[in-house]
Amino acid sequence: MAHHFARGLLVLTAFGLSGCAAFSPDSGMNAVSELTSQTINKDVAFVLTAEGAGAVDARVRQLLARTLTSESAVQMALLNNKGLQAAYNELALAETDLVEQSLPPNPVFSISRISGNGASEIERQVVGDILALATLPFRSDIARERFRQAQLRAALATLRLAADVRRAYVGAVAGNEMVVLLTDAKSTAESTAQLAVKLGETGSINKLDQAREQVFYAETTADLATARQAATSGRERLARLMGLWDDGLDFRLPNQLPPLPRRPQALPSIEADAVAHRIDLQIARLELTALAKSLNLTEATRFVTLLDLAGISRRTQDPEGAPFRERGFDVQFQIPIFDGGEVRVRQATETYSLAFNRLTERAVNVRSEARDAYRAYRSTYDIASHYQREILPLRKIITEEMQLRFSSMQVDIFALLTEARQRLASLRGAIDARQKFFLAQSDLQTAVNGGGAPSSGGDNSTTIAAAAPADGGH
């Protein structure tokens with residue numbers, strides 16, 4: 001009997017092995033790479049070998065050889081950021097859960113020998129978890145859904161890093177542009193302040209006008225110091241996100257933001273695009289599917305949570321008689337007297353309902369976020385464009401006219417300097433407006449594809465949750 005049972009158990013196990021998962025050569029990165037390529041058109045790499053690390057280093061050096069653009073900074077971060085590599089490590093760990101959940105339970109073999117007074121008894125047992133073997137296809141299917149979630153979470157971490165790099169790049173370049181502007185302004189203010197001191201010594205200007213020029217110089221100096229610190233911090237944040245250190249810290253950035261596009265994007269179906277493409281929504285949908293399958297499995301096994309079958313072979317040697325052999329089997333199962341599985345079913349049902357409500361809430365929020373991001377994008381474009389088309393050209397005309405009037409002695413030096421201060425304020429406003437536009441442009445892409453800032457985390461929150469073990473089984 002035990003021999004036949006062992007043979008049958010091996011047959012069932014072999015049948016289960018035919019549908020089990022195996023480790024993929026890329027640890028599931030193929031799906032991440034496809035999603036990343038479709039959404040942001042960038043390459044990703046999971047560095048597993050020395051050859052892979054060398055290829056990444058060569059690509060990073062190639063990117064560092066030129067002045068960084070927003071796109072090249074994103075590409076460098078996706079290849080070189082160690083936090084993202086850790087997220088891909090978590091994806092590889094999630095694959096181990098998939099393979100583990102897809103394997104049939106190992107049979108247990110035991111042997112015992114009892115002897116005394118010349119007699120001996122040898123017993124062999126082969127024990128198999130029949131319930132776990134019977135539910136293997138269902139648990140394996142749930143594990144595949146969990147692994148697909150882990151792949152999407154890795155892709156989401158990739159998009160999140162890309163969005164963080166774009167925002168950091170805009171901040172760093174805008175900081176450089178502000179430093180250049182305020183450096184020139186400080187030089188002018190310093191010359192004006194020195195002129196005011198000399199004029200004050202001759203009695204040509206009063207103390208009030210002299211103090212005004214002095215305070216403008218002092219304020220511009222303070223603003224420049226603040227701008228330099230902001231630019232330095234912005235550069236360091238960008239360096240952290242790109243994973244640079246030592247020799248890589250001398251990367252070059254442009255001194256000003258790129259010009260505005262000729263016209264803004266027209267996205268009439270922004271809500272539908274966001275609902276269709278948002279990776280966090282895809283993760284929530286997969287979670288709901290996995291929980292539905294888990295609920296079905298829980299309901300199917302609510303009354304039986306333990307079903308072990310053992311084949312027994314016993315050989316007894318009696319000193320006064322011939323040896324004889326006994327065969328049989330042993331079945332173990334729980335009797336649902338006190339726990340009929342209602343608690344597990346209720347937990348699974350409420351977990352499914354929670355996930356459904358979260359998904360519905362997320363869908364509503366995604367539509368709202370997409371609308372708000374597009375409105376901010378159009379608004380910031382209009383404001384920045386207004387500075388470019390109206391305010392700055394008018395300021396240029398005013399400056400030229402004031403200089404002509406100063407040359408013909410129609411206005412004095414202080415009227416010219418007053419206009420210079422007003423022009424400086426307009427230029428600072430234009431830089432701020434362009435910075436807000438490019439940040440809004442990044443936020444718009446994030447609203448459509450996903451990758452927004454998590455609820456908590458530091459500069460680069462790229463961690464993903466490993467896939468949870470599937471329900472069911474003993």
# chains A, B, ... in the order shown; residues from 1 in each chain; ligands from 1

$ select_by_dssp --residues "stretch 45-151 of chain A" --states "strand (DSSP E)" --output "ChimeraX atom specification"
/A:108-116,119-129

$ residues_around --residues "A:Ala363" --least-positions-apart "6" --cutoff "12 Å" --atoms "only C-alpha atoms" --output "PDB file with C-alpha atoms, in the first residue's frame"
ATOM      1  CA  GLU A 271      -8.719  61.893 -18.028  1.00  0.00           C
ATOM      2  CA  ALA A 272      -9.154  58.824 -20.227  1.00  0.00           C
ATOM      3  CA  ASP A 273      -5.421  58.718 -20.923  1.00  0.00           C
ATOM      4  CA  ALA A 274      -4.624  58.836 -17.218  1.00  0.00           C
ATOM      5  CA  VAL A 275      -7.123  56.102 -16.331  1.00  0.00           C
ATOM      6  CA  ALA A 276      -5.773  53.898 -19.129  1.00  0.00           C
ATOM      7  CA  HIS A 277      -2.054  54.417 -18.498  1.00  0.00           C
ATOM      8  CA  ARG A 278      -1.577  55.086 -14.784  1.00  0.00           C
ATOM      9  CA  ILE A 279       0.565  52.284 -13.411  1.00  0.00           C
ATOM     10  CA  ASP A 280      -0.751  52.703  -9.863  1.00  0.00           C
ATOM     11  CA  LEU A 281      -4.251  51.990 -11.192  1.00  0.00           C
ATOM     12  CA  GLN A 282      -2.964  48.900 -12.978  1.00  0.00           C
ATOM     13  CA  ILE A 283      -1.430  47.716  -9.705  1.00  0.00           C
ATOM     14  CA  ALA A 284      -4.724  48.261  -7.892  1.00  0.00           C
ATOM     15  CA  ARG A 285      -6.625  46.332 -10.575  1.00  0.00           C
ATOM     16  CA  PHE A 356     -12.416  47.562  -4.392  1.00  0.00           C
ATOM     17  CA  ASN A 357     -13.187  50.802  -2.572  1.00  0.00           C
ATOM     18  CA  GLU A 369      -5.236  64.838 -10.654  1.00  0.00           C
ATOM     19  CA  ALA A 370      -5.094  64.699 -14.449  1.00  0.00           C
ATOM     20  CA  ALA A 447      -0.356  62.540 -13.808  1.00  0.00           C
TER      21      ALA A 447
END

$ residues_around --residues "A:Leu161" --least-positions-apart "5" --cutoff "12 Å" --atoms "only C-alpha atoms" --output "mmCIF file with C-alpha atoms, in the first residue's frame"
data_model
loop_
_atom_site.group_PDB
_atom_site.id
_atom_site.type_symbol
_atom_site.label_atom_id
_atom_site.label_comp_id
_atom_site.auth_asym_id
_atom_site.auth_seq_id
_atom_site.Cartn_x
_atom_site.Cartn_y
_atom_site.Cartn_z
ATOM 1 C CA THR A 36 9.568 52.344 -19.228
ATOM 2 C CA ILE A 40 9.374 57.820 -21.053
ATOM 3 C CA VAL A 44 16.803 50.632 -17.736
ATOM 4 C CA ALA A 73 20.042 63.393 -16.537
ATOM 5 C CA VAL A 74 17.018 61.079 -16.348
ATOM 6 C CA GLN A 75 18.807 58.409 -18.379
ATOM 7 C CA MET A 76 21.855 58.577 -16.125
ATOM 8 C CA ALA A 77 19.742 58.232 -12.993
ATOM 9 C CA LEU A 78 17.884 55.204 -14.362
ATOM 10 C CA LEU A 79 21.206 53.473 -14.989
ATOM 11 C CA ASN A 80 23.241 54.651 -12.008
ATOM 12 C CA ASN A 81 20.876 55.185 -9.064
ATOM 13 C CA LYS A 82 21.484 52.487 -6.451
ATOM 14 C CA GLY A 83 18.085 52.985 -4.837
ATOM 15 C CA LEU A 84 16.479 51.957 -8.118
ATOM 16 C CA GLN A 85 18.785 48.951 -8.296
ATOM 17 C CA ALA A 87 13.977 48.220 -6.129
ATOM 18 C CA ALA A 154 9.277 48.305 -10.108
ATOM 19 C CA ALA A 155 8.128 50.244 -13.180
ATOM 20 C CA LEU A 156 6.391 52.744 -10.911
ATOM 21 C CA ARG A 166 13.247 66.150 -13.953
ATOM 22 C CA ARG A 167 12.083 68.321 -11.098
ATOM 23 C CA ALA A 168 15.568 68.428 -9.564
ATOM 24 C CA LEU A 238 20.375 66.180 -8.659
ATOM 25 C CA ARG A 240 22.156 62.238 -5.401
ATOM 26 C CA LEU A 241 19.368 61.207 -7.729
ATOM 27 C CA MET A 242 21.835 60.461 -10.535
ATOM 28 C CA GLY A 243 23.966 58.401 -8.135
ATOM 29 C CA SER A 442 6.802 67.145 -15.475
ATOM 30 C CA THR A 446 3.408 62.065 -14.000
ATOM 31 C CA GLY A 450 2.154 57.589 -12.739
ATOM 32 C CA GLY A 451 5.248 58.018 -10.627
ATOM 33 C CA GLY A 452 4.114 60.815 -8.370
ATOM 34 C CA ALA A 453 5.698 61.446 -5.010
ATOM 35 C CA PRO A 454 4.880 58.787 -2.388
ATOM 36 C CA GLY A 458 13.423 60.986 1.075
ATOM 37 C CA ASP A 459 15.018 62.225 -2.106
ATOM 38 C CA ASN A 460 14.568 58.990 -3.950
ATOM 39 C CA SER A 461 11.818 56.759 -2.624
ATOM 40 C CA THR A 462 12.208 53.912 -5.077
ATOM 41 C CA THR A 463 11.392 50.999 -2.822
#

$ closest_residue --among "A:Thr221, A:Gln214, A:Thr289, A:Gln435" --to "A:Leu182" --atoms "only C-alpha atoms"
A:Thr221

$ residues_around --residues "stretch 228-232 of chain A" --least-positions-apart "4" --cutoff "10 Å" --atoms "only C-alpha atoms" --output "ChimeraX atom specification"
/A:171-180,182-183,222-224,236-238

$ residues_around --residues "A:Pro323" --least-positions-apart "6" --cutoff "10 Å" --atoms "only C-alpha atoms" --output "number ranges by chain"
A: 119-121, 315-317

$ write_last_selection --atoms "all heavy atoms" --output "PDB file, in the first residue's frame"
ATOM      1  N   ALA A 119      12.843  -9.099  19.670  1.00  0.00           N
ATOM      2  CA  ALA A 119      11.886  -8.730  18.623  1.00  0.00           C
ATOM      3  C   ALA A 119      12.224  -7.335  18.109  1.00  0.00           C
ATOM      4  O   ALA A 119      12.799  -6.512  18.820  1.00  0.00           O
ATOM      5  CB  ALA A 119      10.457  -8.771  19.170  1.00  0.00           C
ATOM      6  N   SER A 120      11.852  -7.044  16.887  1.00  0.00           N
ATOM      7  CA  SER A 120      12.097  -5.729  16.298  1.00  0.00           C
ATOM      8  C   SER A 120      10.949  -5.361  15.363  1.00  0.00           C
ATOM      9  O   SER A 120      10.281  -6.250  14.809  1.00  0.00           O
ATOM     10  CB  SER A 120      13.427  -5.702  15.539  1.00  0.00           C
ATOM     11  OG  SER A 120      13.375  -6.568  14.419  1.00  0.00           O
ATOM     12  N   GLU A 121      10.771  -4.062  15.225  1.00  0.00           N
ATOM     13  CA  GLU A 121       9.699  -3.573  14.335  1.00  0.00           C
ATOM     14  C   GLU A 121      10.233  -2.366  13.578  1.00  0.00           C
ATOM     15  O   GLU A 121      10.777  -1.428  14.175  1.00  0.00           O
ATOM     16  CB  GLU A 121       8.459  -3.177  15.139  1.00  0.00           C
ATOM     17  CG  GLU A 121       7.321  -2.670  14.272  1.00  0.00           C
ATOM     18  CD  GLU A 121       6.105  -2.309  15.101  1.00  0.00           C
ATOM     19  OE1 GLU A 121       5.308  -3.197  15.437  1.00  0.00           O
ATOM     20  OE2 GLU A 121       5.981  -1.107  15.417  1.00  0.00           O
ATOM     21  N   ARG A 315       7.348  -3.713   9.152  1.00  0.00           N
ATOM     22  CA  ARG A 315       7.931  -5.070   9.150  1.00  0.00           C
ATOM     23  C   ARG A 315       8.260  -5.459  10.579  1.00  0.00           C
ATOM     24  O   ARG A 315       8.989  -4.747  11.264  1.00  0.00           O
ATOM     25  CB  ARG A 315       9.192  -5.102   8.288  1.00  0.00           C
ATOM     26  CG  ARG A 315       9.822  -6.493   8.172  1.00  0.00           C
ATOM     27  CD  ARG A 315      11.051  -6.432   7.281  1.00  0.00           C
ATOM     28  NE  ARG A 315      11.642  -7.732   7.078  1.00  0.00           N
ATOM     29  CZ  ARG A 315      12.488  -8.334   7.929  1.00  0.00           C
ATOM     30  NH1 ARG A 315      12.839  -7.711   9.059  1.00  0.00           N
ATOM     31  NH2 ARG A 315      13.001  -9.531   7.656  1.00  0.00           N
ATOM     32  N   THR A 316       7.702  -6.578  11.009  1.00  0.00           N
ATOM     33  CA  THR A 316       7.884  -7.032  12.388  1.00  0.00           C
ATOM     34  C   THR A 316       8.634  -8.360  12.394  1.00  0.00           C
ATOM     35  O   THR A 316       8.278  -9.288  11.647  1.00  0.00           O
ATOM     36  CB  THR A 316       6.527  -7.215  13.092  1.00  0.00           C
ATOM     37  OG1 THR A 316       5.809  -5.981  13.046  1.00  0.00           O
ATOM     38  CG2 THR A 316       6.713  -7.635  14.542  1.00  0.00           C
ATOM     39  N   GLN A 317       9.671  -8.436  13.227  1.00  0.00           N
ATOM     40  CA  GLN A 317      10.484  -9.638  13.360  1.00  0.00           C
ATOM     41  C   GLN A 317      10.291 -10.190  14.766  1.00  0.00           C
ATOM     42  O   GLN A 317      10.666  -9.560  15.756  1.00  0.00           O
ATOM     43  CB  GLN A 317      11.969  -9.314  13.118  1.00  0.00           C
ATOM     44  CG  GLN A 317      12.911 -10.484  13.332  1.00  0.00           C
ATOM     45  CD  GLN A 317      12.733 -11.574  12.282  1.00  0.00           C
ATOM     46  OE1 GLN A 317      12.736 -11.281  11.091  1.00  0.00           O
ATOM     47  NE2 GLN A 317      12.535 -12.812  12.728  1.00  0.00           N
TER      48      GLN A 317
END

$ closest_residue --among "A:Thr202, A:Thr351, A:Gln256, A:Thr192" --to "A:Thr69" --atoms "only C-alpha atoms"
A:Gln256

$ select_by_dssp --residues "stretch 50-185 of chain A" --states "helix (DSSP H, G or I)" --output "VMD selection string"
chain A and resid 50 to 64 70 to 80 82 to 102 130 to 134 136 to 185

$ residues_around --residues "A:Gly248" --least-positions-apart "6" --cutoff "10 Å" --atoms "only C-alpha atoms" --output "number ranges by chain"
A: 60-61, 64, 239, 242

$ write_last_selection --atoms "C-alpha atoms" --output "PDB file, in the first residue's frame"
ATOM      1  CA  VAL A  60      27.506  57.185 -17.566  1.00  0.00           C
ATOM      2  CA  ARG A  61      30.929  58.511 -18.604  1.00  0.00           C
ATOM      3  CA  LEU A  64      28.917  63.112 -18.362  1.00  0.00           C
ATOM      4  CA  ALA A 239      23.736  64.500  -8.030  1.00  0.00           C
ATOM      5  CA  MET A 242      21.835  60.461 -10.535  1.00  0.00           C
TER       6      MET A 242
END

$ closest_residue --among "A:Ala55, A:Pro105, A:Phe23, A:Ala65" --to "A:Leu133" --atoms "only C-alpha atoms"
A:Pro105

$ closest_residue --among "A:Ala189, A:Leu159, A:Ile312, A:Leu260" --to "A:His386" --atoms "only C-alpha atoms"
A:Leu260

$ atom_distance --atom1 "atom CA of A:Ser110" --atom2 "atom CA of A:Arg124"
5.8 Å

$ closest_residue --among "A:Val343, A:Ile111, A:Ala433, A:Ala150" --to "A:Leu257" --atoms "only C-alpha atoms"
A:Ala433

$ residues_around --residues "stretch 31-33 of chain A" --least-positions-apart "6" --cutoff "10 Å" --atoms "only C-alpha atoms" --output "list in words"
Asn41, Lys42, Asp43, Val44, Ala45, Phe46, Tyr88, Leu91, Arg148, Ala150, Gln151, Leu152, Arg153, Ala154, Ala155, Leu156, Ala157 and Thr158 of chain A

$ write_last_selection --atoms "N, CA and C atoms" --output "PDB file, in the first residue's frame"
ATOM      1  N   ASN A  41      10.476  56.529 -22.811  1.00  0.00           N
ATOM      2  CA  ASN A  41      11.467  56.291 -23.867  1.00  0.00           C
ATOM      3  C   ASN A  41      12.893  56.305 -23.317  1.00  0.00           C
ATOM      4  N   LYS A  42      13.110  55.570 -22.250  1.00  0.00           N
ATOM      5  CA  LYS A  42      14.433  55.492 -21.631  1.00  0.00           C
ATOM      6  C   LYS A  42      14.812  54.035 -21.400  1.00  0.00           C
ATOM      7  N   ASP A  43      16.119  53.788 -21.308  1.00  0.00           N
ATOM      8  CA  ASP A  43      16.636  52.444 -21.050  1.00  0.00           C
ATOM      9  C   ASP A  43      16.789  52.233 -19.548  1.00  0.00           C
ATOM     10  N   VAL A  44      16.551  51.010 -19.121  1.00  0.00           N
ATOM     11  CA  VAL A  44      16.803  50.632 -17.736  1.00  0.00           C
ATOM     12  C   VAL A  44      17.709  49.406 -17.738  1.00  0.00           C
ATOM     13  N   ALA A  45      18.400  49.196 -16.644  1.00  0.00           N
ATOM     14  CA  ALA A  45      19.319  48.064 -16.555  1.00  0.00           C
ATOM     15  C   ALA A  45      19.363  47.571 -15.120  1.00  0.00           C
ATOM     16  N   PHE A  46      19.217  46.261 -14.966  1.00  0.00           N
ATOM     17  CA  PHE A  46      19.388  45.621 -13.668  1.00  0.00           C
ATOM     18  C   PHE A  46      20.788  45.026 -13.666  1.00  0.00           C
ATOM     19  N   TYR A  88      14.882  46.949  -7.986  1.00  0.00           N
ATOM     20  CA  TYR A  88      14.925  45.795  -8.890  1.00  0.00           C
ATOM     21  C   TYR A  88      15.324  44.529  -8.135  1.00  0.00           C
ATOM     22  N   LEU A  91      12.237  43.208  -6.824  1.00  0.00           N
ATOM     23  CA  LEU A  91      11.500  42.504  -7.866  1.00  0.00           C
ATOM     24  C   LEU A  91      12.019  41.074  -8.014  1.00  0.00           C
ATOM     25  N   ARG A 148       3.146  39.974 -11.077  1.00  0.00           N
ATOM     26  CA  ARG A 148       2.853  41.024 -12.046  1.00  0.00           C
ATOM     27  C   ARG A 148       2.726  42.376 -11.336  1.00  0.00           C
ATOM     28  N   ALA A 150       4.347  43.165  -8.640  1.00  0.00           N
ATOM     29  CA  ALA A 150       5.713  43.552  -8.283  1.00  0.00           C
ATOM     30  C   ALA A 150       6.426  44.162  -9.492  1.00  0.00           C
ATOM     31  N   GLN A 151       6.185  43.630 -10.682  1.00  0.00           N
ATOM     32  CA  GLN A 151       6.779  44.216 -11.886  1.00  0.00           C
ATOM     33  C   GLN A 151       6.273  45.640 -12.103  1.00  0.00           C
ATOM     34  N   LEU A 152       4.986  45.852 -11.900  1.00  0.00           N
ATOM     35  CA  LEU A 152       4.434  47.194 -12.068  1.00  0.00           C
ATOM     36  C   LEU A 152       4.964  48.136 -10.998  1.00  0.00           C
ATOM     37  N   ARG A 153       5.171  47.622  -9.802  1.00  0.00           N
ATOM     38  CA  ARG A 153       5.736  48.469  -8.746  1.00  0.00           C
ATOM     39  C   ARG A 153       7.171  48.867  -9.090  1.00  0.00           C
ATOM     40  N   ALA A 154       7.922  47.962  -9.671  1.00  0.00           N
ATOM     41  CA  ALA A 154       9.277  48.305 -10.108  1.00  0.00           C
ATOM     42  C   ALA A 154       9.235  49.364 -11.208  1.00  0.00           C
ATOM     43  N   ALA A 155       8.285  49.225 -12.137  1.00  0.00           N
ATOM     44  CA  ALA A 155       8.128  50.244 -13.180  1.00  0.00           C
ATOM     45  C   ALA A 155       7.701  51.578 -12.581  1.00  0.00           C
ATOM     46  N   LEU A 156       6.831  51.517 -11.573  1.00  0.00           N
ATOM     47  CA  LEU A 156       6.391  52.744 -10.911  1.00  0.00           C
ATOM     48  C   LEU A 156       7.557  53.425 -10.205  1.00  0.00           C
ATOM     49  N   ALA A 157       8.415  52.642  -9.576  1.00  0.00           N
ATOM     50  CA  ALA A 157       9.607  53.209  -8.939  1.00  0.00           C
ATOM     51  C   ALA A 157      10.510  53.865  -9.974  1.00  0.00           C
ATOM     52  N   THR A 158      10.587  53.275 -11.158  1.00  0.00           N
ATOM     53  CA  THR A 158      11.390  53.852 -12.233  1.00  0.00           C
ATOM     54  C   THR A 158      10.822  55.196 -12.682  1.00  0.00           C
TER      55      THR A 158
END
